[in-house]
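Engineer: My structure file target.pdb, PDB, C-alpha atoms, is below:
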MODEL        1
ATOM      1  CA  MET A   2     221.712 144.864 235.883
ATOM      2  CA  THR A   3     224.386 142.442 234.769
ATOM      3  CA  ASP A   4     227.138 140.918 236.831
ATOM      4  CA  SER A   5     230.418 141.803 235.166
ATOM      5  CA  ASN A   6     232.359 139.174 237.175
ATOM      6  CA  ALA A   7     230.180 136.215 236.071
ATOM      7  CA  PRO A   8     231.843 133.821 233.534
ATOM      8  CA  ASP A   9     230.829 134.574 229.944
ATOM      9  CA  ASP A  10     229.286 131.338 228.521
ATOM     10  CA  THR A  11     228.754 132.827 225.106
ATOM     11  CA  LYS A  12     232.465 133.569 224.613
ATOM     12  CA  LYS A  13     233.798 131.473 221.683
ATOM     13  CA  SER A  14     236.755 129.120 222.092
ATOM     14  CA  THR A  15     239.944 130.209 220.266
ATOM     15  CA  THR A  16     241.026 126.634 219.419
ATOM     16  CA  LEU A  17     239.384 124.304 216.945
ATOM     17  CA  PRO A  18     238.581 120.740 217.958
ATOM     18  CA  LYS A  19     241.334 118.205 217.298
ATOM     19  CA  SER A  20     239.108 116.128 215.059
ATOM     20  CA  PHE A  21     238.734 119.057 212.674
ATOM     21  CA  LEU A  22     242.500 119.453 212.397
ATOM     22  CA  VAL A  23     242.871 115.729 211.787
ATOM     23  CA  PHE A  24     240.225 115.971 209.082
ATOM     24  CA  ILE A  25     241.982 118.852 207.318
ATOM     25  CA  GLY A  26     245.409 117.233 207.643
ATOM     26  CA  GLY A  27     244.058 113.897 206.461
ATOM     27  CA  SER A  28     242.433 115.531 203.430
ATOM     28  CA  ILE A  29     245.688 117.197 202.440
ATOM     29  CA  ALA A  30     247.648 113.991 202.967
ATOM     30  CA  THR A  31     245.134 111.996 200.902
ATOM     31  CA  ALA A  32     245.244 114.563 198.109
ATOM     32  CA  LEU A  33     249.047 114.449 198.051
ATOM     33  CA  LEU A  34     249.056 110.673 198.046
ATOM     34  CA  LEU A  35     246.604 110.560 195.130
ATOM     35  CA  VAL A  36     248.719 113.068 193.209
ATOM     36  CA  LEU A  37     251.815 110.929 193.787
ATOM     37  CA  ILE A  38     250.023 107.774 192.659
ATOM     38  CA  SER A  39     248.618 109.452 189.549
ATOM     39  CA  MET A  40     252.027 110.910 188.647
ATOM     40  CA  GLN A  41     253.556 107.464 189.017
ATOM     41  CA  LEU A  42     250.848 105.971 186.790
ATOM     42  CA  TYR A  43     251.331 108.773 184.263
ATOM     43  CA  ARG A  44     255.033 107.947 184.092
ATOM     44  CA  ASP A  45     254.823 104.154 184.220
ATOM     45  CA  SER A  46     251.952 103.746 181.759
ATOM     46  CA  GLY A  47     253.945 105.472 179.017
ATOM     47  CA  ALA A  48     251.487 108.356 178.755
ATOM     48  CA  ALA A  49     254.228 110.795 179.729
ATOM     49  CA  GLN A  50     256.301 109.715 176.751
ATOM     50  CA  LEU A  51     253.464 110.379 174.320
ATOM     51  CA  ASP A  52     252.463 113.651 175.892
ATOM     52  CA  LEU A  53     253.811 116.216 173.472
ATOM     53  CA  SER A  54     252.196 119.027 175.451
ATOM     54  CA  ARG A  55     255.137 118.831 177.853
ATOM     55  CA  PRO A  56     257.443 121.844 177.571
ATOM     56  CA  ILE A  57     260.432 119.769 176.434
ATOM     57  CA  TYR A  58     258.568 118.751 173.275
ATOM     58  CA  GLU A  59     257.456 122.239 172.314
ATOM     59  CA  SER A  60     259.572 122.348 169.143
ATOM     60  CA  VAL A  61     258.040 119.191 167.633
ATOM     61  CA  ARG A  62     254.473 119.600 168.879
ATOM     62  CA  ALA A  63     253.096 121.205 165.739
ATOM     63  CA  GLN A  64     254.396 118.399 163.507
ATOM     64  CA  ALA A  65     252.541 115.730 165.465
ATOM     65  CA  GLN A  66     249.040 117.004 164.859
ATOM     66  CA  GLU A  67     247.046 114.810 162.518
ATOM     67  CA  SER A  68     245.799 116.834 159.602
ATOM     68  CA  GLU A  69     242.862 114.691 158.564
ATOM     69  CA  ARG A  70     240.570 112.097 160.047
ATOM     70  CA  TYR A  71     241.123 108.497 159.046
ATOM     71  CA  ASP A  72     238.035 106.292 158.871
ATOM     72  CA  GLY A  73     239.633 103.052 157.721
ATOM     73  CA  PHE A  74     237.767 100.011 156.461
ATOM     74  CA  ASP A  75     234.048  99.611 157.150
ATOM     75  CA  ALA A  76     233.425  97.398 160.161
ATOM     76  CA  SER A  77     230.451  95.537 158.680
ATOM     77  CA  GLY A  78     229.108  94.379 155.343
ATOM     78  CA  GLU A  79     229.644  91.663 152.780
ATOM     79  CA  LEU A  80     233.101  90.642 151.659
ATOM     80  CA  ASP A  81     232.933  90.690 147.882
ATOM     81  CA  GLU A  82     235.562  91.539 145.291
ATOM     82  CA  THR A  83     234.813  95.277 145.485
ATOM     83  CA  SER A  84     235.219  95.470 149.256
ATOM     84  CA  LEU A  85     238.404  93.377 149.130
ATOM     85  CA  LYS A  86     239.816  95.708 146.491
ATOM     86  CA  GLU A  87     238.922  98.660 148.683
ATOM     87  CA  PHE A  88     240.677  97.064 151.654
ATOM     88  CA  GLU A  89     243.786  96.359 149.593
ATOM     89  CA  ALA A  90     244.003  99.989 148.484
ATOM     90  CA  LEU A  91     243.502 101.297 152.033
ATOM     91  CA  TYR A  92     246.046  98.867 153.459
ATOM     92  CA  LYS A  93     248.702  99.714 150.888
ATOM     93  CA  GLU A  94     248.214 103.427 151.394
ATOM     94  CA  LYS A  95     248.291 103.299 155.183
ATOM     95  CA  THR A  96     251.275 100.973 155.512
ATOM     96  CA  LYS A  97     253.442 102.641 152.860
ATOM     97  CA  LYS A  98     255.076 104.998 155.332
ATOM     98  CA  VAL A  99     255.559 102.596 158.248
ATOM     99  CA  ARG A 100     257.043  99.873 156.060
ATOM    100  CA  THR A 101     259.888 102.071 154.922
ATOM    101  CA  THR A 102     260.542 103.769 158.241
ATOM    102  CA  LYS A 103     264.108 104.206 159.376
ATOM    103  CA  ALA A 104     263.070 105.415 162.821
ATOM    104  CA  PHE A 105     265.339 104.746 165.799
ATOM    105  CA  SER A 106     268.385 103.901 163.732
ATOM    106  CA  SER A 107     271.640 103.777 165.666
ATOM    107  CA  SER A 108     273.417 106.635 163.892
ATOM    108  CA  PRO A 109     272.161 109.616 165.972
ATOM    109  CA  LEU A 110     273.673 108.077 169.119
ATOM    110  CA  SER A 111     277.014 107.112 167.607
ATOM    111  CA  ASP A 112     280.232 108.544 169.030
ATOM    112  CA  LYS A 113     280.751 110.451 165.803
ATOM    113  CA  SER A 114     277.306 112.091 165.839
ATOM    114  CA  LEU A 115     277.615 113.067 169.496
ATOM    115  CA  GLY A 116     281.219 114.255 169.164
ATOM    116  CA  ILE A 117     282.671 111.764 171.647
ATOM    117  CA  VAL A 118     286.299 110.758 171.245
ATOM    118  CA  ARG A 119     287.501 107.466 172.746
ATOM    119  CA  GLN A 120     291.153 107.679 173.661
TER
ATOM    120  CA  MET B  12     242.071 131.699 216.372
ATOM    121  CA  ARG B  13     245.744 132.278 215.815
ATOM    122  CA  ARG B  14     246.601 129.080 217.620
ATOM    123  CA  TRP B  15     244.558 126.771 215.408
ATOM    124  CA  PHE B  16     245.757 128.580 212.302
ATOM    125  CA  LEU B  17     249.343 127.963 213.388
ATOM    126  CA  GLN B  18     248.608 124.309 214.078
ATOM    127  CA  LEU B  19     246.975 123.896 210.683
ATOM    128  CA  THR B  20     249.869 125.575 208.880
ATOM    129  CA  LEU B  21     252.418 123.388 210.651
ATOM    130  CA  LEU B  22     250.460 120.244 209.853
ATOM    131  CA  SER B  23     250.105 121.185 206.180
ATOM    132  CA  ALA B  24     253.794 122.059 205.945
ATOM    133  CA  ALA B  25     254.726 118.704 207.437
ATOM    134  CA  VAL B  26     252.533 116.804 204.971
ATOM    135  CA  ILE B  27     253.833 118.781 201.975
ATOM    136  CA  ALA B  28     257.422 118.261 203.130
ATOM    137  CA  ALA B  29     256.793 114.527 203.372
ATOM    138  CA  GLY B  30     255.374 114.502 199.840
ATOM    139  CA  VAL B  31     258.340 116.444 198.461
ATOM    140  CA  LEU B  32     260.746 114.060 200.200
ATOM    141  CA  VAL B  33     259.013 111.078 198.604
ATOM    142  CA  LEU B  34     259.203 112.701 195.144
ATOM    143  CA  VAL B  35     262.862 113.657 195.516
ATOM    144  CA  GLY B  36     263.679 110.184 196.801
ATOM    145  CA  SER B  37     261.978 108.554 193.824
ATOM    146  CA  SER B  38     263.763 110.868 191.375
ATOM    147  CA  ASN B  39     267.170 110.241 192.962
ATOM    148  CA  GLN B  40     266.584 106.525 192.923
ATOM    149  CA  GLN B  41     265.896 106.663 189.195
ATOM    150  CA  ARG B  42     269.076 108.650 188.630
ATOM    151  CA  VAL B  43     271.116 106.204 190.649
ATOM    152  CA  ASN B  44     269.605 103.299 188.723
ATOM    153  CA  ALA B  45     270.488 104.960 185.441
ATOM    154  CA  GLN B  46     274.056 105.570 186.465
ATOM    155  CA  SER B  47     274.696 102.279 188.131
ATOM    156  CA  THR B  48     274.747  98.800 186.723
ATOM    157  CA  GLY B  49     271.156  98.591 185.536
ATOM    158  CA  GLN B  50     268.073  96.683 186.557
ATOM    159  CA  ASP B  51     269.502  93.251 185.861
ATOM    160  CA  GLY B  52     272.428  93.978 188.142
ATOM    161  CA  GLY B  53     275.447  93.113 186.017
ATOM    162  CA  LEU B  54     277.515  94.963 183.477
ATOM    163  CA  LYS B  55     277.816  93.637 179.947
ATOM    164  CA  ALA B  56     281.195  93.215 178.266
ATOM    165  CA  SER B  57     280.709  96.350 176.171
ATOM    166  CA  GLN B  58     279.793  98.328 179.281
ATOM    167  CA  ILE B  59     282.866  97.108 181.178
ATOM    168  CA  GLU B  60     284.964  98.111 178.192
ATOM    169  CA  GLY B  61     283.272 101.544 178.223
ATOM    170  CA  LEU B  62     284.006 101.935 181.902
ATOM    171  CA  TYR B  63     287.755 101.539 181.354
ATOM    172  CA  THR B  64     288.035 103.397 178.065
ATOM    173  CA  PRO B  65     288.862 107.059 178.620
ATOM    174  CA  VAL B  66     286.536 109.320 176.682
ATOM    175  CA  SER B  67     286.648 112.998 175.971
ATOM    176  CA  MET B  68     283.580 115.028 175.137
ATOM    177  CA  ASP B  69     282.034 118.429 175.342
ATOM    178  CA  CYS B  70     279.500 117.524 177.959
ATOM    179  CA  LEU B  71     277.024 120.320 177.276
ATOM    180  CA  ASP B  72     277.206 119.737 173.534
ATOM    181  CA  VAL B  73     276.572 115.994 173.945
ATOM    182  CA  LYS B  74     273.584 116.677 176.180
ATOM    183  CA  PHE B  75     272.219 119.234 173.734
ATOM    184  CA  LYS B  76     272.472 116.723 170.882
ATOM    185  CA  LEU B  77     270.871 114.032 173.022
ATOM    186  CA  SER B  78     267.988 116.322 173.901
ATOM    187  CA  LYS B  79     267.397 116.955 170.173
ATOM    188  CA  VAL B  80     267.393 113.197 169.540
ATOM    189  CA  HIS B  81     264.977 112.850 172.475
ATOM    190  CA  GLU B  82     262.555 115.349 170.920
ATOM    191  CA  GLU B  83     262.721 113.759 167.469
ATOM    192  CA  ASP B  84     262.224 110.309 168.972
ATOM    193  CA  ALA B  85     259.094 111.476 170.771
ATOM    194  CA  LEU B  86     257.692 112.744 167.490
ATOM    195  CA  SER B  87     258.605 109.501 165.687
ATOM    196  CA  ARG B  88     257.044 107.464 168.488
ATOM    197  CA  VAL B  89     253.783 109.414 168.343
ATOM    198  CA  GLN B  90     253.530 109.345 164.548
ATOM    199  CA  LEU B  91     254.557 105.703 164.201
ATOM    200  CA  GLY B  92     252.317 104.725 167.100
ATOM    201  CA  GLN B  93     249.318 106.411 165.449
ATOM    202  CA  SER B  94     250.023 104.622 162.171
ATOM    203  CA  TYR B  95     250.553 101.228 163.820
ATOM    204  CA  GLU B  96     247.382 101.698 165.843
ATOM    205  CA  SER B  97     245.359 102.679 162.756
ATOM    206  CA  VAL B  98     246.603  99.644 160.826
ATOM    207  CA  SER B  99     245.592  97.400 163.702
ATOM    208  CA  VAL B 100     242.292  98.940 164.787
ATOM    209  CA  LYS B 101     240.940 100.464 161.583
ATOM    210  CA  LEU B 102     242.114  97.893 159.069
ATOM    211  CA  MET B 103     243.139  94.493 160.467
ATOM    212  CA  GLU B 104     240.509  94.223 163.206
ATOM    213  CA  ARG B 105     237.735  95.417 160.913
ATOM    214  CA  LEU B 106     238.588  93.016 158.100
ATOM    215  CA  ASN B 107     238.885  90.166 160.603
ATOM    216  CA  GLY B 108     235.514  91.145 162.041
ATOM    217  CA  ARG B 109     233.915  91.014 158.620
ATOM    218  CA  VAL B 110     235.548  87.659 157.888
ATOM    219  CA  VAL B 111     233.981  86.250 161.058
ATOM    220  CA  GLU B 112     230.666  87.989 160.380
ATOM    221  CA  ASN B 113     230.499  86.420 156.902
ATOM    222  CA  LYS B 114     231.540  83.026 158.307
ATOM    223  CA  LEU B 115     234.596  82.753 156.056
ATOM    224  CA  ASP B 116     237.868  80.977 156.761
ATOM    225  CA  GLY B 117     240.331  83.672 157.829
ATOM    226  CA  GLY B 118     242.510  81.811 160.331
ATOM    227  CA  ASP B 119     245.766  83.091 158.850
ATOM    228  CA  LEU B 120     244.521  86.673 158.908
ATOM    229  CA  ILE B 121     243.544  86.411 162.567
ATOM    230  CA  ARG B 122     246.863  84.781 163.519
ATOM    231  CA  ALA B 123     248.859  87.445 161.655
ATOM    232  CA  ALA B 124     246.852  90.235 163.313
ATOM    233  CA  SER B 125     247.410  88.675 166.723
ATOM    234  CA  GLU B 126     251.179  88.499 166.151
ATOM    235  CA  TYR B 127     251.130  92.104 165.009
ATOM    236  CA  GLU B 128     249.277  93.157 168.148
ATOM    237  CA  LYS B 129     251.839  91.390 170.374
ATOM    238  CA  ALA B 130     254.715  93.003 168.499
ATOM    239  CA  PHE B 131     253.077  96.404 168.900
ATOM    240  CA  VAL B 132     252.795  95.899 172.669
ATOM    241  CA  LYS B 133     256.487  94.932 172.768
ATOM    242  CA  PHE B 134     257.405  98.006 170.752
ATOM    243  CA  LYS B 135     255.556 100.217 173.248
ATOM    244  CA  ASP B 136     257.248  98.547 176.236
ATOM    245  CA  ASP B 137     260.702  98.718 174.697
ATOM    246  CA  TYR B 138     260.239 102.359 173.772
ATOM    247  CA  ARG B 139     259.137 103.127 177.338
ATOM    248  CA  GLN B 140     262.344 101.606 178.684
ATOM    249  CA  TYR B 141     264.425 103.403 176.088
ATOM    250  CA  GLU B 142     262.797 106.745 176.890
ATOM    251  CA  SER B 143     263.301 106.253 180.637
ATOM    252  CA  SER B 144     266.993 105.582 180.034
ATOM    253  CA  MET B 145     267.228 108.644 177.818
ATOM    254  CA  SER B 146     265.543 110.889 180.414
ATOM    255  CA  ALA B 147     267.821 109.559 183.155
ATOM    256  CA  LEU B 148     270.887 110.077 180.974
ATOM    257  CA  LEU B 149     269.890 113.661 180.257
ATOM    258  CA  LYS B 150     269.650 114.306 183.998
ATOM    259  CA  SER B 151     272.918 112.567 184.848
ATOM    260  CA  ASP B 152     276.206 114.267 185.510
ATOM    261  CA  CYS B 153     278.605 113.860 182.612
ATOM    262  CA  GLN B 154     281.146 116.422 183.777
ATOM    263  CA  THR B 155     282.338 114.747 186.941
ATOM    264  CA  GLN B 156     281.489 111.160 185.957
ATOM    265  CA  PRO B 157     282.122 110.857 182.201
ATOM    266  CA  GLN B 158     282.852 107.098 182.371
ATOM    267  CA  ILE B 159     279.556 106.281 184.064
ATOM    268  CA  PHE B 160     277.807 108.580 181.616
ATOM    269  CA  TYR B 161     279.408 106.698 178.733
ATOM    270  CA  VAL B 162     278.362 103.316 180.126
ATOM    271  CA  SER B 163     274.783 104.597 180.444
ATOM    272  CA  LEU B 164     275.005 105.860 176.872
ATOM    273  CA  GLN B 165     276.021 102.406 175.692
ATOM    274  CA  ARG B 166     273.032 100.871 177.438
ATOM    275  CA  LEU B 167     270.849 103.504 175.811
ATOM    276  CA  ARG B 168     272.219 102.508 172.404
ATOM    277  CA  GLU B 169     271.329  98.881 173.075
ATOM    278  CA  ARG B 170     267.781  99.856 174.003
ATOM    279  CA  ARG B 171     267.486 102.005 170.893
ATOM    280  CA  GLU B 172     268.614  99.060 168.786
ATOM    281  CA  THR B 173     265.880  96.956 170.382
ATOM    282  CA  VAL B 174     263.268  99.574 169.482
ATOM    283  CA  HIS B 175     264.613  99.763 165.933
ATOM    284  CA  PHE B 176     264.440  95.971 165.698
ATOM    285  CA  ASP B 177     260.809  96.117 166.905
ATOM    286  CA  THR B 178     259.903  98.484 164.057
ATOM    287  CA  ALA B 179     261.515  96.045 161.596
ATOM    288  CA  ILE B 180     259.477  93.178 163.090
ATOM    289  CA  LEU B 181     256.285  95.226 162.790
ATOM    290  CA  SER B 182     257.064  95.987 159.141
ATOM    291  CA  SER B 183     257.591  92.292 158.430
ATOM    292  CA  LEU B 184     254.287  91.453 160.173
ATOM    293  CA  ILE B 185     252.500  94.047 158.052
ATOM    294  CA  SER B 186     253.835  92.216 154.999
ATOM    295  CA  LYS B 187     252.825  88.893 156.511
ATOM    296  CA  TYR B 188     249.246  90.100 156.970
ATOM    297  CA  GLU B 189     249.242  91.330 153.384
ATOM    298  CA  ARG B 190     250.318  87.883 152.165
ATOM    299  CA  ALA B 191     247.599  86.258 154.280
ATOM    300  CA  PHE B 192     245.120  88.709 152.784
ATOM    301  CA  LYS B 193     246.169  87.812 149.227
ATOM    302  CA  ASP B 194     245.762  84.094 149.969
ATOM    303  CA  PHE B 195     242.379  84.783 151.526
ATOM    304  CA  ARG B 196     241.315  86.816 148.501
ATOM    305  CA  GLU B 197     242.363  84.094 146.093
ATOM    306  CA  ALA B 198     240.537  81.458 148.131
ATOM    307  CA  THR B 199     237.418  83.641 148.273
ATOM    308  CA  ALA B 200     237.524  84.256 144.516
ATOM    309  CA  LYS B 201     237.880  80.498 143.868
ATOM    310  CA  ARG B 202     235.015  79.694 146.189
ATOM    311  CA  GLN B 203     232.774  82.334 144.602
ATOM    312  CA  SER B 204     233.561  81.146 141.069
ATOM    313  CA  GLY B 205     232.905  77.560 142.201
ATOM    314  CA  GLN B 206     229.549  78.595 143.635
ATOM    315  CA  ALA B 207     228.666  80.484 140.454
ATOM    316  CA  SER B 208     229.497  77.516 138.205
ATOM    317  CA  SER B 209     227.532  75.109 140.378
ATOM    318  CA  GLN B 210     224.555  77.488 140.256
ATOM    319  CA  GLN B 211     224.854  77.641 136.447
ATOM    320  CA  THR B 212     224.931  73.841 136.256
ATOM    321  CA  GLY B 213     221.853  73.731 138.470
ATOM    322  CA  VAL B 214     220.000  76.187 136.222
ATOM    323  CA  GLN B 215     220.921  74.241 133.044
ATOM    324  CA  GLN B 216     219.693  70.973 134.579
TER
ENDMDL
END
Since I need it in another form, could you write the structure as structure tokens?

Structural biologist:
Amino acid sequence: MTDSNAPDDTKKSTTLPKSFLVFIGGSIATALLLVLISMQLYRDSGAAQLDLSRPIYESVRAQAQESERYDGFDASGELDETSLKEFEALYKEKTKKVRTTKAFSSSPLSDKSLGIVRQ
Amino acid sequence: MRRWFLQLTLLSAAVIAAGVLVLVGSSNQQRVNAQSTGQDGGLKASQIEGLYTPVSMDCLDVKFKLSKVHEEDALSRVQLGQSYESVSVKLMERLNGRVVENKLDGGDLIRAASEYEKAFVKFKDDYRQYESSMSALLKSDCQTQPQIFYVSLQRLRERRETVHFDTAILSSLISKYERAFKDFREATAKRQSGQASSQQTGVQQ
């Protein structure tokens, strides 16, 4: 026969210990802090500016993909006339485009191009 | 059970709200920086002139055109950056490595490559500043504050000019390395022919 008025020791507590709540809260806060730091690094390191997977660069993304692998000049070996000739050819080919680049010229930001009228 | 769940939710909400506040604060600060006088504090003569010159523009149209320029710039930056990097890592560094490995005199080549590397770092830094200004300008309000927008646009133009100048410097350094390479090649050919003739003399003796 059981005593119905006796306190029930096996009854579970409805509140969690404070330390557990602090642990959960601390974990969330740490995660948020790390996200903030990594976002700041992503922005400040310049990676964000080269990241063409961002939605704002969708229209130019396809043009940025390199079509073929570039091996360059061999890192070791003798330097004879043949290898120097090979280097010269590779160098001329690779630098042809960058030497003649007109990138970042001032014209796209001129008043005329943007349609700004100074009164 | 309900009580701890409520406590947990409130705590999480408070932490998330704090995070959002920090992000919004950082974003607003950037916007304010872009619209105000700039990091160095003062306005340049051209910017003061821009501040007092009335301008008229179709704000949405200007922003649309700027966003197109922004996209094209990103593509140029990526493509140029890849090419500059390849020239440095896959050509200059490798030739310099082989010069050292073969114990040849390539001082000019190494100096030219070092200058090129420094100029490339400057190009990347200058582009980063330019892109930050562009992003801030695209977020700024040109309808209610057209003068401030115009001043920011002028600063953006200056930064773009700097980036353009950097590309010109890099092109000239590419040519400089090529000249150093030609001198090196001539010197190597002379040395090899000298060695060959001395070997022939040795054989005849």

Engineer: Give me, please, the distance in Å between atom CA of B:His175 and atom CA of A:Phe105, quoted to one decimal.

Structural biologist: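 Calculated distance between atom CA of B:His175 and atom CA of A:Phe105 is 5.0 Å.
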
Engineer: Which is closest to chain B among A:Ala90, A:Tyr43, A:Phe24, A:Pro109, if we use all atoms listed in the file?

Structural biologist: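 For chain B, the nearest of the given residues is A:Pro109.
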
Engineer: Expand the PyMOL selection byres ((chain B and resi 171) around 9) into the explicit residue set it covers here, and present it as a list of chain:residue names.

Structural biologist: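 Answer for the PyMOL selection byres ((chain B and resi 171) around 9): A:Phe105, A:Ser106, A:Ser107, A:Leu110, B:Asp137, B:Tyr138, B:Tyr141, B:Glu142, B:Arg166, B:Leu167, B:Arg168, B:Glu169, B:Arg170, B:Glu172, B:Thr173, B:Val174, B:His175, B:Phe176.
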
Engineer: If you measure from atom CA of B:Gln203 to atom CA of B:Glu126, what distance in Å do you get, rounded to one decimal?

Structural biologist: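 Answer for the atom CA of B:Gln203 to atom CA of B:Glu126 separation: 29.0 Å.
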
Engineer: Within 8 Å of chain B, which residues of chain A show up when using only C-alpha atoms, listed as a PyMOL selection string?

Structural biologist: chain A and resi 15-17+22+25-26+29-30+33-34+37+47+50-51+53+57-58+60-62+64-65+72-80+82+85+88+91-92+95-96+99-107+109-110+115-120

Engineer: Between atom CA of B:Arg122 and atom CA of B:Lys187, what distance in Å does the model show, to one decimal?

Structural biologist: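 For atom CA of B:Arg122 relative to atom CA of B:Lys187, the distance reads 10.1 Å.
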
Engineer: Residues at most 8 Å from B:Ala191, counting all atoms listed in the file, excluding those fewer than 5 positions away in the same chain, as a list in words?

Structural biologist: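 Contacts, with the query itself left out: Asp119, Leu120 and Ala123 of chain B.
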